[in-house]
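S.K.: Please see the structure below; I have some questions.
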Amino acid sequence: MRRAALLDIKLKALVREHVGHDVDLPDPLSRIPFGRGAAFVVDTTAWVLLDDQPHRGLGAALAWVNRARRESEINSVGLIADEATGVLARRARLFSTAVSVWHAVERVLLPAVLEPYPDLDAVDPAHEAFRALITEGGAEPHVEHGVLVGDVRGLEVCRVVTDMFTDEVRLEVGVGAHDREAFSMLHGARPTVDALADVVEAVQKHREVGAALHPLNRFGSERFLRWSAIQQPDRVSARVLQPADPPVIRTNIKDPVPCVAVGQSLDDEPIVVVFSTGIDLDLIPFSVDARAMHSPRADLVVVVPPRDVSPITQAVAEMTKMPTRVLAWT
């Protein structure tokens, strides 16, 4: 409660300094709560201060606006954060609701500057040389933001790295950085292709439809969806699909983050498909950002398990400038 009150005070002060006069706020008890920061409506502008994970806050803000519109007229949104405002501004322009993104510097609001998309880096030729070894070990080579990895039905089991001290290029085997390090310590003398083949065999039985719950199928469940759709692209209205870079660089493999595929629709038009599991308020902003990065005029399909087709996800999807279709993968 204390944190919420402090955020209310901070938002009021920022807005007052920005508009040049005091603002009257509704009684806190009558206001719609906003768990990711603070929010209120002044005249016909919804002001939203993002505090918790601001880089993933646009979807939550739009969800709040959608709910607040039942009680107040809202013609525009002022979105305030003290970090990640470049990504927020890049995504906000893709929605029909007028959203201005502001970067808070002490008590001053500065217009956010759009952050460019990450470069589509080519794989280092020294790393590319390990592609055949990944295939020989039974994994599927895959490149994301210039990093060559090996997947088993969407789960990364190896990665080509350059040693920061020796500049040695090698293929590390394991699920995640800590697992790769431990695997190297335990099996460093074993031929890499044999070690990889053992990991692939151990992982594969857990990456099947109907497999019992296990960490190896809880990690990267959205990527298993993508792998499944690539095998059966017609189920998402595509003729062919392939993995594609996300609009933000993934920092680790264990936190659930939507993933992207691009290809051709059944009508031979460009299509972008985004896959996710769980209720993620920022899924639609991530998805339209991915479309804008890869093919701005493409069809966009957002694929989730049936249990995750939530009304709020649908509502935010209807706020995008270009059509966004949410599809349940059954």
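Quick note on naming: the chains in the structure tokens go A, B, ... in the order shown, residues restart at 1 in each chain, and ligands are numbered from 1 in order of appearance.
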Find the residues around A:Pro285 up to 9 Å (only C-alpha atoms counted), leave out those fewer than 5 positions away in its own chain, and share them as a CSV table (one decimal) with N, CA and C atoms, in the first residue's frame.
M.R.:
chain,number,residue,atom,x,y,z
A,56,ARG,N,8.1,-4.1,-20.3
A,56,ARG,CA,7.0,-5.0,-20.7
A,56,ARG,C,5.7,-4.5,-20.2
A,58,LEU,N,3.6,-1.9,-21.7
A,58,LEU,CA,2.7,-1.3,-22.6
A,58,LEU,C,1.4,-2.1,-22.6
A,59,GLY,N,1.4,-3.4,-22.7
A,59,GLY,CA,0.2,-4.2,-22.7
A,59,GLY,C,-0.6,-4.1,-21.4
A,88,LEU,N,9.2,1.1,-25.8
A,88,LEU,CA,7.8,1.4,-25.5
A,88,LEU,C,7.2,2.3,-26.6
A,91,ARG,N,6.7,0.5,-29.9
A,91,ARG,CA,5.5,-0.3,-30.0
A,91,ARG,C,4.2,0.5,-29.9
A,92,ALA,N,4.2,1.6,-29.2
A,92,ALA,CA,3.0,2.4,-29.0
A,92,ALA,C,2.5,2.9,-30.3
A,94,LEU,N,2.1,1.4,-32.9
A,94,LEU,CA,1.5,0.4,-33.7
A,94,LEU,C,0.0,0.1,-33.2
A,95,PHE,N,-0.5,1.0,-32.3
A,95,PHE,CA,-1.8,0.8,-31.8
A,95,PHE,C,-2.7,2.0,-32.2
A,290,ALA,N,7.2,-7.5,-33.5
A,290,ALA,CA,7.8,-8.5,-34.3
A,290,ALA,C,7.4,-8.3,-35.8
A,316,VAL,N,-6.8,-6.3,-26.2
A,316,VAL,CA,-5.6,-5.5,-26.6
A,316,VAL,C,-5.3,-5.8,-28.1
A,317,ALA,N,-5.6,-7.0,-28.6
A,317,ALA,CA,-5.4,-7.3,-30.0
A,317,ALA,C,-6.3,-6.5,-30.9
A,320,THR,N,-4.9,-2.8,-32.0
A,320,THR,CA,-3.8,-2.6,-32.9
A,320,THR,C,-4.3,-2.0,-34.2
S.K.: Find the residues of stretch 103-209 of chain A that sit at most 8 Å from stretch 60-80 of chain A; for each, write down the nearest two atoms and how far apart they are in Å, to one decimal. Count only C-alpha atoms. Sort by chain, then by number going up, and give it as JSON lines.
M.R.:
{"residue": "A:His103", "atom": "CA", "partner": "A:Ile80", "partner_atom": "CA", "distance": 6.0}
{"residue": "A:Ala104", "atom": "CA", "partner": "A:Ile80", "partner_atom": "CA", "distance": 6.4}
{"residue": "A:Leu109", "atom": "CA", "partner": "A:Ile80", "partner_atom": "CA", "distance": 7.8}
S.K.: As a list in words, please: the residues near A:Leu11 (cut-off 8 Å, only C-alpha atoms, same-chain neighbours under 6 positions excluded).
M.R.: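 In the requested form, the answer reads Ala38, Ala39, Trp47, Val48 and Leu49 of chain A.
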S.K.: Could you find all residues in stretch 270-325 of chain A that DSSP calls alpha helix (DSSP H) from the backbone, and write them as a list in words?
M.R.: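 Of stretch 270-325 of chain A, the ones in alpha helix (DSSP H) are Leu283, Ile284, Pro285, Phe286, Ser287, Val288, Asp289, Ala290, Arg291, Ala292, Met293, His294, Pro311, Ile312, Thr313, Gln314, Ala315, Val316 and Ala317 of chain A.
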S.K.: Taking the backbone alone, and naming residues the way the document does, which bits of stretch 274-330 of chain A are strand (DSSP E or B) by DSSP, as a list in words?
M.R.: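 Filtering stretch 274-330 of chain A to strand (DSSP E or B) leaves Val274, Phe275, Asp299, Leu300, Val301, Val302, Val303, Val304, Thr320, Arg325, Val326, Leu327 and Ala328 of chain A.
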S.K.: Between A:Gln242, A:Ser310, A:Ser96, A:Ser276, which is the closest to A:Pro258 once you count only C-alpha atoms?
M.R.: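 For A:Pro258, the nearest of the given residues is A:Ser276.
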S.K.: Using only C-alpha atoms, what table do you get, as JSON lines, when you list each residue of stretch 116-168 of chain A with an atom no more than 10 Å from stretch 224-234 of chain A, its nearest pair of atoms, and their distance in Å rounded to one decimal, rows by chain then rising number?
M.R.:
{"residue": "A:Asp151", "atom": "CA", "partner": "A:Trp227", "partner_atom": "CA", "distance": 9.7}
{"residue": "A:Val152", "atom": "CA", "partner": "A:Phe224", "partner_atom": "CA", "distance": 8.9}
{"residue": "A:Arg153", "atom": "CA", "partner": "A:Phe224", "partner_atom": "CA", "distance": 5.6}
{"residue": "A:Gly154", "atom": "CA", "partner": "A:Phe224", "partner_atom": "CA", "distance": 4.8}
{"residue": "A:Leu155", "atom": "CA", "partner": "A:Phe224", "partner_atom": "CA", "distance": 7.3}
S.K.: Here is a test: counting only C-alpha atoms, which residue of A:Ser221, A:Val87, A:Ala244, A:Thr166 is nearest to A:Glu208?
M.R.: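 Looking only at the distances to A:Glu208, the closest residue turns out to be A:Ser221.
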S.K.: Would you compute the distance between atom CA of A:Asp198 and atom CA of A:Arg159? Give it in Å to one decimal.
M.R.: 15.5 Å
S.K.: List as an MDAnalysis selection string the protein and nucleic acid residues near A:Ala129, meaning an atom at most 12 Å away when only C-alpha atoms are counted, but skip any in the same chain fewer than 5 places from it.
M.R.: chainID A and resid 123:124 134:135 141 148 160:161 169:171
S.K.: When you draw a straight line from atom CA of A:Pro118 to atom CA of A:Asp282, how long is it in Å?
M.R.: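 Result for atom CA of A:Pro118 versus atom CA of A:Asp282: 19.0 Å, one decimal.
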S.K.: Select, from A:Val105, A:Ala195, A:Thr85, A:Asp280, the residue with the minimum atom-to-atom distance to A:Gly138, counting only C-alpha atoms.
M.R.: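 Among the listed residues, A:Ala195 lies closest to A:Gly138.
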